[in-house]
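Data file: my_file-v3.txt. Format and content: compact mmCIF, C-alpha atoms.
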# COMPACT_ATOMS: atom_id res chain seq x y z
CA MET A 81 0.00 0.00 0.00
CA VAL A 82 1.45 3.36 -1.08
CA SER A 83 1.04 6.22 1.36
CA GLU A 84 -1.19 9.04 0.15
CA HIS A 85 1.61 11.41 1.19
CA ALA A 86 4.11 9.76 -1.19
CA GLN A 87 5.72 11.82 -3.94
CA ALA A 88 4.55 10.88 -7.41
CA GLY A 89 7.40 9.84 -9.68
CA GLY A 90 8.19 7.91 -12.83
CA ARG A 91 6.00 4.89 -12.06
CA GLN A 92 2.92 7.01 -11.51
CA SER A 93 3.59 9.16 -14.59
CA ALA A 94 4.07 6.09 -16.78
CA LEU A 95 0.93 4.37 -15.49
CA LEU A 96 -1.24 7.44 -15.98
CA LEU A 97 0.16 8.15 -19.44
CA LEU A 98 -0.22 4.55 -20.59
CA GLY A 99 -3.65 4.34 -19.00
CA SER A 100 -4.67 7.40 -21.03
CA CYS A 101 -3.80 5.46 -24.19
CA LEU A 102 -6.30 2.68 -23.53
CA PRO A 103 -9.41 4.69 -24.53
CA VAL A 104 -7.73 5.27 -27.92
CA LEU A 105 -8.34 1.59 -28.67
CA GLY A 106 -12.06 2.24 -28.88
CA ALA A 107 -11.59 4.66 -31.76
CA VAL A 108 -8.96 2.95 -33.90
CA LEU A 109 -8.84 -0.78 -33.16
CA LEU A 110 -11.84 -1.78 -35.29
CA ALA A 111 -11.13 0.47 -38.27
CA PRO A 112 -8.86 -2.03 -40.12
CA VAL A 113 -11.27 -4.97 -39.62
CA LEU A 114 -14.60 -3.23 -40.32
CA PRO A 115 -14.91 -4.68 -43.85
CA ARG A 116 -14.34 -8.24 -42.59
CA MET A 117 -16.73 -7.70 -39.71
CA GLN A 118 -19.30 -6.33 -42.15
CA ALA A 119 -18.91 -9.40 -44.35
CA HIS A 120 -19.22 -11.78 -41.39
CA PHE A 121 -22.53 -10.24 -40.29
CA ALA A 122 -23.84 -9.60 -43.80
CA ASP A 123 -26.97 -11.66 -43.09
CA SER A 124 -27.70 -10.02 -39.74
CA PRO A 125 -30.57 -7.49 -39.71
CA GLY A 126 -29.31 -3.91 -39.71
CA ALA A 127 -25.67 -4.92 -40.12
CA SER A 128 -24.95 -1.99 -42.45
CA VAL A 129 -25.76 0.36 -39.56
CA LEU A 130 -24.73 -1.69 -36.51
CA VAL A 131 -21.19 -2.48 -37.67
CA PRO A 132 -20.17 1.19 -38.10
CA VAL A 133 -21.99 2.00 -34.84
CA ALA A 134 -19.78 -0.57 -33.10
CA LEU A 135 -16.83 1.65 -34.07
CA THR A 136 -18.28 5.02 -33.06
CA LEU A 137 -20.48 4.08 -30.07
CA PRO A 138 -17.70 4.23 -27.42
CA ALA A 139 -16.92 7.86 -28.35
CA LEU A 140 -20.60 8.80 -28.00
CA VAL A 141 -20.87 7.04 -24.61
CA ILE A 142 -17.70 8.80 -23.40
CA ALA A 143 -19.14 12.16 -24.44
CA LEU A 144 -22.36 11.45 -22.54
CA LEU A 145 -20.96 9.84 -19.39
CA ALA A 146 -17.55 11.45 -18.77
CA PRO A 147 -19.14 14.29 -16.70
CA LEU A 148 -20.86 11.66 -14.53
CA ALA A 149 -17.54 9.83 -14.17
CA GLY A 150 -15.94 13.09 -13.03
CA TRP A 151 -18.69 13.67 -10.46
CA ILE A 152 -18.22 10.13 -9.10
CA ALA A 153 -14.44 10.62 -8.97
CA ASP A 154 -14.93 13.75 -6.85
CA ARG A 155 -17.45 11.98 -4.59
CA ILE A 156 -16.07 8.49 -3.98
CA GLY A 157 -12.48 8.83 -5.15
CA ARG A 158 -10.33 8.56 -8.25
CA LYS A 159 -8.54 5.27 -7.58
CA PRO A 160 -11.59 3.07 -6.78
CA LEU A 161 -13.37 4.26 -9.93
CA LEU A 162 -10.24 3.77 -12.05
CA LEU A 163 -9.70 0.18 -10.85
CA LEU A 164 -13.36 -0.73 -11.42
CA ALA A 165 -13.20 0.83 -14.89
CA MET A 166 -10.10 -1.21 -15.76
CA LEU A 167 -11.95 -4.43 -14.86
CA VAL A 168 -15.02 -3.45 -16.92
CA TYR A 169 -12.71 -2.41 -19.78
CA ALA A 170 -11.07 -5.84 -19.95
CA LEU A 171 -14.36 -7.77 -19.60
CA CYS A 172 -16.45 -5.79 -22.09
CA GLY A 173 -13.55 -5.33 -24.49
CA THR A 174 -12.82 -9.04 -24.89
CA LEU A 175 -16.47 -10.18 -25.09
CA PRO A 176 -16.57 -9.96 -28.93
CA LEU A 177 -13.99 -12.78 -29.01
CA TRP A 178 -16.88 -15.12 -28.14
CA LEU A 179 -20.13 -13.29 -28.94
CA ASP A 180 -22.00 -14.34 -32.08
CA SER A 181 -24.77 -11.75 -31.88
CA LEU A 182 -24.11 -8.39 -33.53
CA PRO A 183 -26.48 -6.48 -31.19
CA ALA A 184 -24.70 -8.09 -28.21
CA ILE A 185 -21.34 -6.94 -29.60
CA VAL A 186 -22.69 -3.40 -29.99
CA LEU A 187 -23.91 -3.57 -26.37
CA SER A 188 -20.44 -4.65 -25.24
CA ARG A 189 -19.02 -1.66 -27.09
CA ALA A 190 -21.31 0.58 -25.04
CA GLY A 191 -19.77 -1.02 -21.95
CA ILE A 192 -16.34 -0.16 -23.32
CA GLY A 193 -17.43 3.46 -23.65
CA VAL A 194 -18.53 3.52 -20.00
CA ALA A 195 -15.15 2.14 -18.89
CA GLU A 196 -13.18 4.48 -21.16
CA ALA A 197 -15.07 7.53 -19.87
CA ALA A 198 -13.96 6.67 -16.34
CA ILE A 199 -10.39 5.73 -17.32
CA MET A 200 -9.71 8.91 -19.26
CA THR A 201 -11.32 11.10 -16.63
CA CYS A 202 -9.52 9.47 -13.69
CA CYS A 203 -6.09 9.41 -15.36
CA THR A 204 -6.33 13.09 -16.27
CA THR A 205 -7.65 13.99 -12.81
CA LEU A 206 -4.86 12.11 -11.05
CA MET A 207 -2.27 13.93 -13.17
CA GLY A 208 -3.76 17.16 -11.87
CA ASP A 209 -3.76 15.80 -8.30
CA TYR A 210 -0.24 14.37 -8.19
CA TYR A 211 1.57 17.20 -9.98
CA SER A 212 1.51 20.98 -10.18
CA GLY A 213 3.16 23.82 -12.06
CA ALA A 214 5.61 23.02 -14.85
CA ARG A 215 5.63 19.26 -14.09
CA ARG A 216 1.87 19.11 -14.60
CA GLU A 217 2.10 21.05 -17.87
CA ARG A 218 4.82 18.74 -19.20
CA LEU A 219 2.76 15.68 -18.29
CA PHE A 220 -0.35 16.97 -20.07
CA ALA A 221 1.76 17.65 -23.17
CA LEU A 222 3.20 14.13 -22.96
CA GLN A 223 -0.32 12.77 -22.63
CA MET A 224 -1.12 14.22 -26.04
CA VAL A 225 2.11 12.83 -27.50
CA VAL A 226 1.68 9.27 -26.24
CA THR A 227 -2.01 9.05 -27.14
CA SER A 228 -1.23 10.24 -30.69
CA LEU A 229 1.60 7.72 -31.05
CA SER A 230 -0.54 4.95 -29.56
CA ALA A 231 -3.31 5.69 -32.07
CA ALA A 232 -0.91 5.00 -34.93
CA LEU A 233 0.49 1.93 -33.16
CA PHE A 234 -2.92 0.46 -32.32
CA MET A 235 -4.11 1.02 -35.89
CA ALA A 236 -1.13 -0.93 -37.23
CA VAL A 237 -1.41 -3.70 -34.63
CA GLY A 238 -5.16 -3.96 -35.18
CA GLY A 239 -4.59 -4.42 -38.91
CA LEU A 240 -1.89 -7.02 -38.31
CA LEU A 241 -4.00 -9.03 -35.86
CA GLY A 242 -7.02 -8.69 -38.13
CA GLU A 243 -5.27 -10.64 -40.89
CA SER A 244 -6.19 -13.91 -39.16
CA SER A 245 -9.70 -12.94 -37.98
CA TRP A 246 -11.78 -9.84 -37.35
CA ARG A 247 -12.17 -11.06 -33.76
CA THR A 248 -8.46 -11.24 -32.90
CA PRO A 249 -7.84 -7.49 -32.28
CA PHE A 250 -10.37 -7.55 -29.43
CA GLY A 251 -7.83 -9.55 -27.44
CA LEU A 252 -5.86 -6.31 -26.93
CA TYR A 253 -8.47 -5.19 -24.43
CA ALA A 254 -7.03 -7.73 -22.00
CA LEU A 255 -4.36 -5.08 -21.38
CA GLY A 256 -6.75 -3.77 -18.74
CA LEU A 257 -6.00 -6.85 -16.62
CA LEU A 258 -2.28 -6.09 -16.89
CA PHE A 259 -2.70 -2.51 -15.69
CA LEU A 260 -5.16 -3.36 -12.92
CA PRO A 261 -2.67 -4.79 -10.35
CA LEU A 262 -0.02 -2.19 -11.23
CA MET A 263 -2.44 0.66 -10.61
CA ALA A 264 -3.67 -0.98 -7.42
CA ARG A 265 -0.08 -1.22 -6.18
CA TRP A 266 1.49 2.07 -7.30
CA LEU A 267 -1.33 4.61 -7.36
CA TRP A 268 -2.95 6.08 -4.27
CA GLU A 269 -6.04 8.07 -3.52
CA PRO A 270 -5.06 11.73 -3.13
CA SER A 271 -6.40 13.81 -0.28
CA VAL A 272 -7.14 17.52 0.08
CA ARG A 273 -3.98 19.44 0.98
CA GLN A 274 -3.81 21.02 4.39
CA ALA A 275 -3.92 24.44 2.77
CA ALA A 276 -7.13 23.68 0.91
CA ARG A 277 -10.23 25.74 1.62
CA PRO A 278 -12.45 24.37 4.41
CA GLN A 279 -15.46 24.81 2.13
CA PRO A 280 -15.31 23.95 -1.59
CA ALA A 281 -15.32 26.96 -3.86
CA ALA A 282 -18.04 27.39 -6.46
CA MET A 283 -17.24 26.03 -9.89
CA PRO A 284 -15.88 28.87 -12.06
CA TRP A 285 -18.48 28.20 -14.75
CA ARG A 286 -18.05 31.42 -16.72
CA ARG A 287 -14.37 30.84 -17.41
CA LEU A 288 -14.76 27.06 -17.58
CA LEU A 289 -17.50 27.09 -20.22
CA ALA A 290 -15.39 29.25 -22.53
CA LEU A 291 -12.59 26.66 -22.42
CA LEU A 292 -15.00 23.73 -22.78
CA GLY A 293 -16.45 25.35 -25.90
CA LEU A 294 -12.95 25.52 -27.34
CA ALA A 295 -12.40 21.87 -26.32
CA LEU A 296 -15.53 20.88 -28.28
CA LEU A 297 -14.13 22.60 -31.37
CA ALA A 298 -10.74 20.98 -30.70
CA GLY A 299 -12.34 17.52 -30.71
CA LEU A 300 -14.14 18.33 -33.96
CA SER A 301 -10.87 19.54 -35.46
CA LEU A 302 -9.00 16.46 -34.25
CA PHE A 303 -11.06 14.13 -36.45
CA ILE A 304 -11.12 16.25 -39.62
CA VAL A 305 -7.96 14.74 -41.12
CA PRO A 306 -8.41 11.07 -40.06
CA VAL A 307 -11.94 11.01 -41.48
CA GLN A 308 -11.75 13.39 -44.45
CA ALA A 309 -8.18 13.20 -45.82
CA GLY A 310 -8.83 9.98 -47.73
CA TYR A 311 -11.89 11.47 -49.46
CA LEU A 312 -10.00 14.66 -50.28
CA LEU A 313 -7.12 12.74 -51.82
CA ASP A 314 -9.59 10.66 -53.83
CA LEU A 315 -10.87 13.89 -55.42
CA LEU A 316 -7.28 14.54 -56.51
CA GLY A 317 -6.94 11.06 -58.00
CA VAL A 318 -4.83 9.70 -55.15
CA ASP A 319 -6.38 6.45 -53.90
CA GLY A 320 -3.38 4.30 -52.92
CA PRO A 321 -3.65 3.08 -49.30
CA GLN A 322 0.08 3.65 -48.77
CA GLN A 323 -0.12 7.28 -49.92
CA ILE A 324 -3.20 7.94 -47.81
CA GLY A 325 -1.56 6.28 -44.81
CA MET A 326 1.59 8.38 -45.20
CA THR A 327 -0.51 11.54 -45.41
CA MET A 328 -2.32 10.70 -42.18
CA GLY A 329 1.01 9.81 -40.62
CA GLY A 330 2.24 13.32 -41.48
CA ASN A 331 -0.75 14.72 -39.63
CA GLN A 332 0.06 12.62 -36.55
CA LEU A 333 3.69 13.79 -36.74
CA GLY A 334 2.43 17.37 -36.66
CA VAL A 335 0.24 16.57 -33.63
CA VAL A 336 3.22 15.11 -31.77
CA LEU A 337 5.50 18.07 -32.60
CA GLY A 338 2.77 20.55 -31.67
CA ALA A 339 2.30 18.86 -28.28
CA LEU A 340 6.05 18.78 -27.68
CA SER A 341 6.28 22.49 -28.46
CA PHE A 342 4.05 23.16 -25.46
CA ARG A 343 7.00 22.26 -23.26
CA TRP A 344 8.91 25.30 -24.51
CA ILE A 345 6.16 27.85 -25.12
CA GLY A 346 3.52 26.67 -22.64
CA ARG A 347 4.31 29.45 -20.16
CA ALA A 348 3.12 32.12 -22.59
CA ARG A 349 -0.28 33.77 -22.22
CA PRO A 350 -3.10 31.27 -22.77
CA GLY A 351 -4.81 33.61 -25.24
CA TRP A 352 -1.70 33.78 -27.44
CA LEU A 353 -1.15 30.00 -27.26
CA LEU A 354 -4.74 29.29 -28.27
CA LEU A 355 -4.57 31.92 -31.02
CA LEU A 356 -1.50 30.18 -32.44
CA ALA A 357 -3.08 26.72 -32.08
CA PHE A 358 -6.38 27.58 -33.79
CA ALA A 359 -4.63 29.70 -36.44
CA LEU A 360 -2.39 26.75 -37.37
CA ALA A 361 -5.35 24.35 -37.46
CA GLY A 362 -7.38 26.83 -39.52
CA SER A 363 -4.50 27.49 -41.90
CA GLY A 364 -4.12 23.75 -42.41
CA GLY A 365 -7.82 23.46 -43.21
CA LEU A 366 -7.69 26.33 -45.71
CA LEU A 367 -4.61 24.85 -47.36
CA MET A 368 -6.35 21.46 -47.57
CA ALA A 369 -9.30 23.12 -49.28
CA GLY A 370 -7.05 24.76 -51.87
CA ALA A 371 -4.57 21.91 -52.37
CA ALA A 372 -4.15 20.74 -55.95
CA SER A 373 -1.73 17.85 -55.33
CA HIS A 374 -0.82 15.12 -52.90
CA ALA A 375 2.16 17.16 -51.72
CA GLY A 376 -0.09 20.13 -51.02
CA VAL A 377 -2.46 18.03 -48.93
CA SER A 378 0.48 16.50 -47.04
CA LEU A 379 1.81 19.94 -46.10
CA ALA A 380 -1.66 21.12 -45.12
CA VAL A 381 -2.41 18.20 -42.79
CA PHE A 382 1.02 18.58 -41.14
CA ILE A 383 0.30 22.25 -40.36
CA ASN A 384 -3.16 21.30 -39.13
CA GLY A 385 -1.59 18.69 -36.83
CA LEU A 386 0.78 21.27 -35.30
CA GLY A 387 -2.22 23.32 -34.23
CA ILE A 388 -4.16 20.36 -32.81
CA GLY A 389 -1.12 19.16 -30.88
CA LEU A 390 -0.65 22.56 -29.21
CA MET A 391 -4.38 23.08 -28.65
CA LEU A 392 -5.20 20.17 -26.35
CA PRO A 393 -2.47 20.43 -23.67
CA THR A 394 -3.05 24.19 -23.53
CA LEU A 395 -6.75 23.70 -22.85
CA ILE A 396 -6.49 20.96 -20.21
CA THR A 397 -3.67 22.77 -18.39
CA ARG A 398 -5.71 25.98 -18.11
CA ILE A 399 -8.83 24.07 -17.06
CA MET A 400 -6.93 22.30 -14.27
CA ALA A 401 -5.47 25.64 -13.14
CA LEU A 402 -9.01 27.01 -12.76
CA VAL A 403 -10.38 24.46 -10.30
CA ASP A 404 -9.47 23.15 -6.87
CA PHE A 405 -9.10 19.58 -5.62
CA SER A 406 -12.80 18.99 -4.99
CA GLN A 407 -13.73 20.14 -8.52
CA ARG A 408 -10.96 18.50 -10.51
CA GLY A 409 -12.80 15.28 -11.38
CA ARG A 410 -15.82 17.13 -12.73
CA ALA A 411 -13.63 19.51 -14.73
CA SER A 412 -11.67 16.61 -16.21
CA GLY A 413 -14.89 14.76 -17.04
CA LEU A 414 -16.37 17.78 -18.78
CA PHE A 415 -13.17 18.29 -20.79
CA THR A 416 -13.16 14.61 -21.83
CA ALA A 417 -16.85 14.82 -22.77
CA ALA A 418 -16.27 17.95 -24.86
CA ILE A 419 -13.37 16.38 -26.78
CA PHE A 420 -15.22 13.15 -27.56
CA ALA A 421 -18.46 14.95 -28.40
CA GLY A 422 -16.49 16.99 -30.94
CA GLU A 423 -14.92 13.85 -32.37
CA PHE A 424 -18.32 12.17 -32.72
CA ALA A 425 -19.86 15.27 -34.31
CA SER A 426 -16.96 15.93 -36.69
CA PRO A 427 -18.07 13.74 -39.63
CA LEU A 428 -21.69 14.82 -39.11
CA VAL A 429 -20.73 18.50 -39.36
CA VAL A 430 -18.80 17.90 -42.58
CA LEU A 431 -21.70 15.83 -43.95
CA SER A 432 -24.15 18.65 -43.23
CA LEU A 433 -21.89 21.12 -45.03
CA THR A 434 -21.42 18.92 -48.09
CA ALA A 435 -24.97 17.50 -48.19
CA GLY A 436 -23.35 14.21 -49.17
CA VAL A 437 -21.75 15.65 -52.33
CA SER A 438 -18.08 14.63 -52.33
CA SER A 439 -17.03 17.47 -54.62
CA ALA A 440 -18.20 19.96 -51.97
CA LEU A 441 -15.63 18.70 -49.44
CA PRO A 442 -13.03 21.43 -50.17
CA THR A 443 -15.67 24.11 -49.57
CA ALA A 444 -16.63 22.47 -46.26
CA LEU A 445 -12.98 22.34 -45.18
CA ALA A 446 -12.54 26.00 -46.11
CA LEU A 447 -15.55 26.98 -44.00
CA ILE A 448 -14.24 25.04 -40.99
CA GLY A 449 -10.78 26.56 -41.49
CA ALA A 450 -12.28 30.05 -41.60
CA LEU A 451 -14.22 29.32 -38.39
CA GLN A 452 -11.02 28.21 -36.69
CA TRP A 453 -9.36 31.45 -37.71
CA LEU A 454 -12.26 33.47 -36.27
CA VAL A 455 -11.97 31.51 -33.03
CA ALA A 456 -8.20 32.12 -33.04
CA LEU A 457 -8.74 35.88 -33.16
CA GLY A 458 -11.39 35.61 -30.45
CA CYS A 459 -8.86 33.87 -28.18
CA LEU A 460 -7.12 37.22 -27.71
CA ARG A 461 -9.95 38.05 -25.31
CA LEU A 462 -9.39 34.90 -23.26
CA PRO A 463 -6.58 35.75 -20.78
CA ASN A 464 -8.98 37.30 -18.24
CA LEU A 465 -11.27 34.29 -18.59
CA VAL A 466 -8.53 31.74 -18.10
CA VAL A 467 -6.53 33.15 -15.24
CA GLY A 468 -8.24 34.42 -12.14
CA PRO A 469 -7.01 37.40 -10.12
CA GLY A 470 -3.81 36.63 -8.30
CA THR A 471 -3.30 33.29 -10.05
CA ARG A 472 -0.02 32.67 -11.82
CA LEU A 473 0.07 30.55 -14.95
CA GLY A 474 1.09 27.01 -14.23
CA ASP A 475 0.39 27.15 -10.51
CA GLY A 476 -1.35 24.21 -8.98
CA HIS A 477 -3.98 24.47 -6.25
Can you present the structure in this file as structure tokens?
Amino acid sequence: MVSEHAQAGGRQSALLLLGSCLPVLGAVLLAPVLPRMQAHFADSPGASVLVPVALTLPALVIALLAPLAGWIADRIGRKPLLLLAMLVYALCGTLPLWLDSLPAIVLSRAGIGVAEAAIMTCCTTLMGDYYSGARRERLFALQMVVTSLSAALFMAVGGLLGESSWRTPFGLYALGLLFLPLMARWLWEPSVRQAARPQPAAMPWRRLLALLGLALLAGLSLFIVPVQAGYLLDLLGVDGPQQIGMTMGGNQLGVVLGALSFRWIGRARPGWLLLLAFALAGSGGLLMAGAASHAGVSLAVFINGLGIGLMLPTLITRIMALVDFSQRGRASGLFTAAIFAGEFASPLVVLSLTAGVSSALPTALALIGALQWLVALGCLRLPNLVVGPGTRLGDGH
């Protein structure tokens, strides 16, 4: 049993960072095996709808339930909820290895979403609890880096395992059973510091909602390239899987570099950081809309990735700086919900702008890019919303 007064170190950082990667499985693991899964259930009623829903349902459940997970984390504790979520994650995640009913598989995917909502919320909350100041900021930037890298890794591993059977990739969810005893041993339930207020402060909703609105747009922006780049390249006559994969890899490289840059420029004013982040993302979108070649799209998605990578650690760091210990779980849950709601809505927003006409995709991307630029300019008004009177950037509570 680790004392709650212990100093968090490398073990705790590694566990929380790796734990944050597990919810990424829900978004990317099934993508390579969807065609085979579709073929297997071709005779099942509603398969054309239920198979894609099996991919996207966890993100929707996370968006709906992450705030509840944050409330529970503040009420009963971070560690108990995290350990329970790890168990549910492993059980629900591996069920499709044996299930023969497509509706039952979809239901198990809803269970995965419940577990992932709690895992992401608790890992982010514990980072805010265990660390403060510059160490916390570095860890949030690393969280973005490792989740981006894990997305690419899980996509590749899922495709490799899917060569033998569409069921095989679901075995990766057993990783939850590996993390469960490690988290039970090396993590501890934090307590309110002696200097904490005797009565919890009111949630700073005015400033918090402004940042959560930006997080919603960040989640929407995050899925623009993974979902739309292939269709955009197809309009340019580029349909080779290797070329499309390399283009998306360039976007992920931009995300990683953007997140790493937060380590060096993260102490700047939040308004300027968010202006830079949204301006880069918007510029990437506008360049995608006007690209006339594969090389042009590749440059555009890289620039877009730089903005996304800087955007997310900036937002979560400022949100955590706004709230105290008793509010941190709810704030983390709301941030997680906003990101995943944006991800879920991203293809729907593009579809509404194109009305299903593929040739209208560049126009839709240009409109989204222009919106991001408008938001970037609006971020100049954010410093007073992000930092309260007497609060220094990067300070913990």
Restricting the calculation to all atoms listed in the file, which member of A:Trp268, A:Tyr210, A:Trp246, A:Phe259 is positioned closest to Gln118 of chain A? A:Trp246
Of the residues A:Thr248, A:Gln92, A:Thr434, A:Gln332, which is the one nearest to Ile388 of chain A, using only C-alpha atoms? A:Gln332
Show me, as an mmCIF file with C-alpha atoms, in the frame of the given file, the residues that have an atom within 10 Å of Ile345 of chain A when counting all atoms listed in the file, minus same-chain residues fewer than 5 positions from it.
data_model
loop_
_atom_site.group_PDB
_atom_site.id
_atom_site.type_symbol
_atom_site.label_atom_id
_atom_site.label_comp_id
_atom_site.auth_asym_id
_atom_site.auth_seq_id
_atom_site.Cartn_x
_atom_site.Cartn_y
_atom_site.Cartn_z
ATOM 1 C CA LEU A 340 6.050 18.780 -27.680
ATOM 2 C CA LEU A 353 -1.150 30.000 -27.260
ATOM 3 C CA LEU A 390 -0.650 22.560 -29.210
#
Just want the 9 Å neighbourhood of Val225 of chain A, counted on all atoms listed in the file, with same-chain residues fewer than 5 positions away dropped. Output as number ranges by chain. A: 220, 230, 335-340, 389
At a cut-off of 10 Å, using only C-alpha atoms, what residues contact Leu366 of chain A? Leave out same-chain residues fewer than 5 positions from it and give the result as a PyMOL selection string. chain A and resi 360-361+371+380+384+442-450+452-453
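Computed from the coordinates, the atom CA of Arg410 of chain A to atom CA of Leu257 of chain A distance equals 26.2 Å.
The space separating atom CA of Ser412 of chain A from atom CA of Leu288 of chain A comes to 11.0 Å.
Across the structure, atom CA of Ala231 of chain A and atom CA of Ala197 of chain A are spaced 17.0 Å apart.
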Please provide the set of residues having any atom within 10 Å of Ile304 of chain A, restricted to only C-alpha atoms, with same-chain residues fewer than 2 positions apart removed, written as a VMD selection string. chain A and resid 299 to 302 306 to 309 365 381 384 423 426 to 427 429 to 430 445 448
Polymer residues at most 12 Å from Ala421 of chain A, only C-alpha atoms, same-chain spacing of 4 or more positions, as a VMD selection string: chain A and resid 136 to 147 197 292 to 303 413 to 417 425 to 429
Restrict the calculation to only C-alpha atoms, then for each residue of segment 329-419 of chain A with any atom at most 12 Å from an atom of segment 153-160 of chain A give the closest atom pair and their distance in Å to one decimal, rows by chain and rising residue number, as CSV.
residue,atom,partner,partner_atom,distance
A:Asp404,CA,A:Asp154,CA,10.9
A:Phe405,CA,A:Asp154,CA,8.3
A:Ser406,CA,A:Asp154,CA,6.0
A:Gln407,CA,A:Asp154,CA,6.7
A:Arg408,CA,A:Asp154,CA,7.2
A:Gly409,CA,A:Asp154,CA,5.2
A:Arg410,CA,A:Asp154,CA,6.8
A:Ala411,CA,A:Asp154,CA,9.8
A:Ser412,CA,A:Ala153,CA,9.8
A:Gly413,CA,A:Ala153,CA,9.1
The residue from A:Tyr169, A:Phe358, A:Phe121, A:Phe424 with the smallest atom-to-atom distance to Gly256 of chain A, counting only C-alpha atoms, is A:Tyr169
In terms of only C-alpha atoms, the residue from A:Ala401, A:Leu354, A:Ile199, A:Leu386 at minimal distance from Ala149 of chain A is A:Ile199
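Residue nearest Asp314 of chain A within the list A:Leu187, A:Ala372, A:Leu98, A:Met263: A:Ala372 [criterion: smallest interatomic distance, all atoms listed in the file].
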Enumerate, as a list in words, the protein, DNA and RNA residues whose atoms approach (-3.1, -1.5, -31.7) to within 10 Å, taking into account all atoms listed in the file and the coordinate frame of the file. Leu102, Val104, Leu105, Val108, Leu109, Leu110, Ser230, Ala231, Ala232, Leu233, Phe234, Met235, Ala236, Val237, Gly238, Gly239, Leu240, Leu241, Pro249, Phe250, Leu252 and Tyr253 of chain A
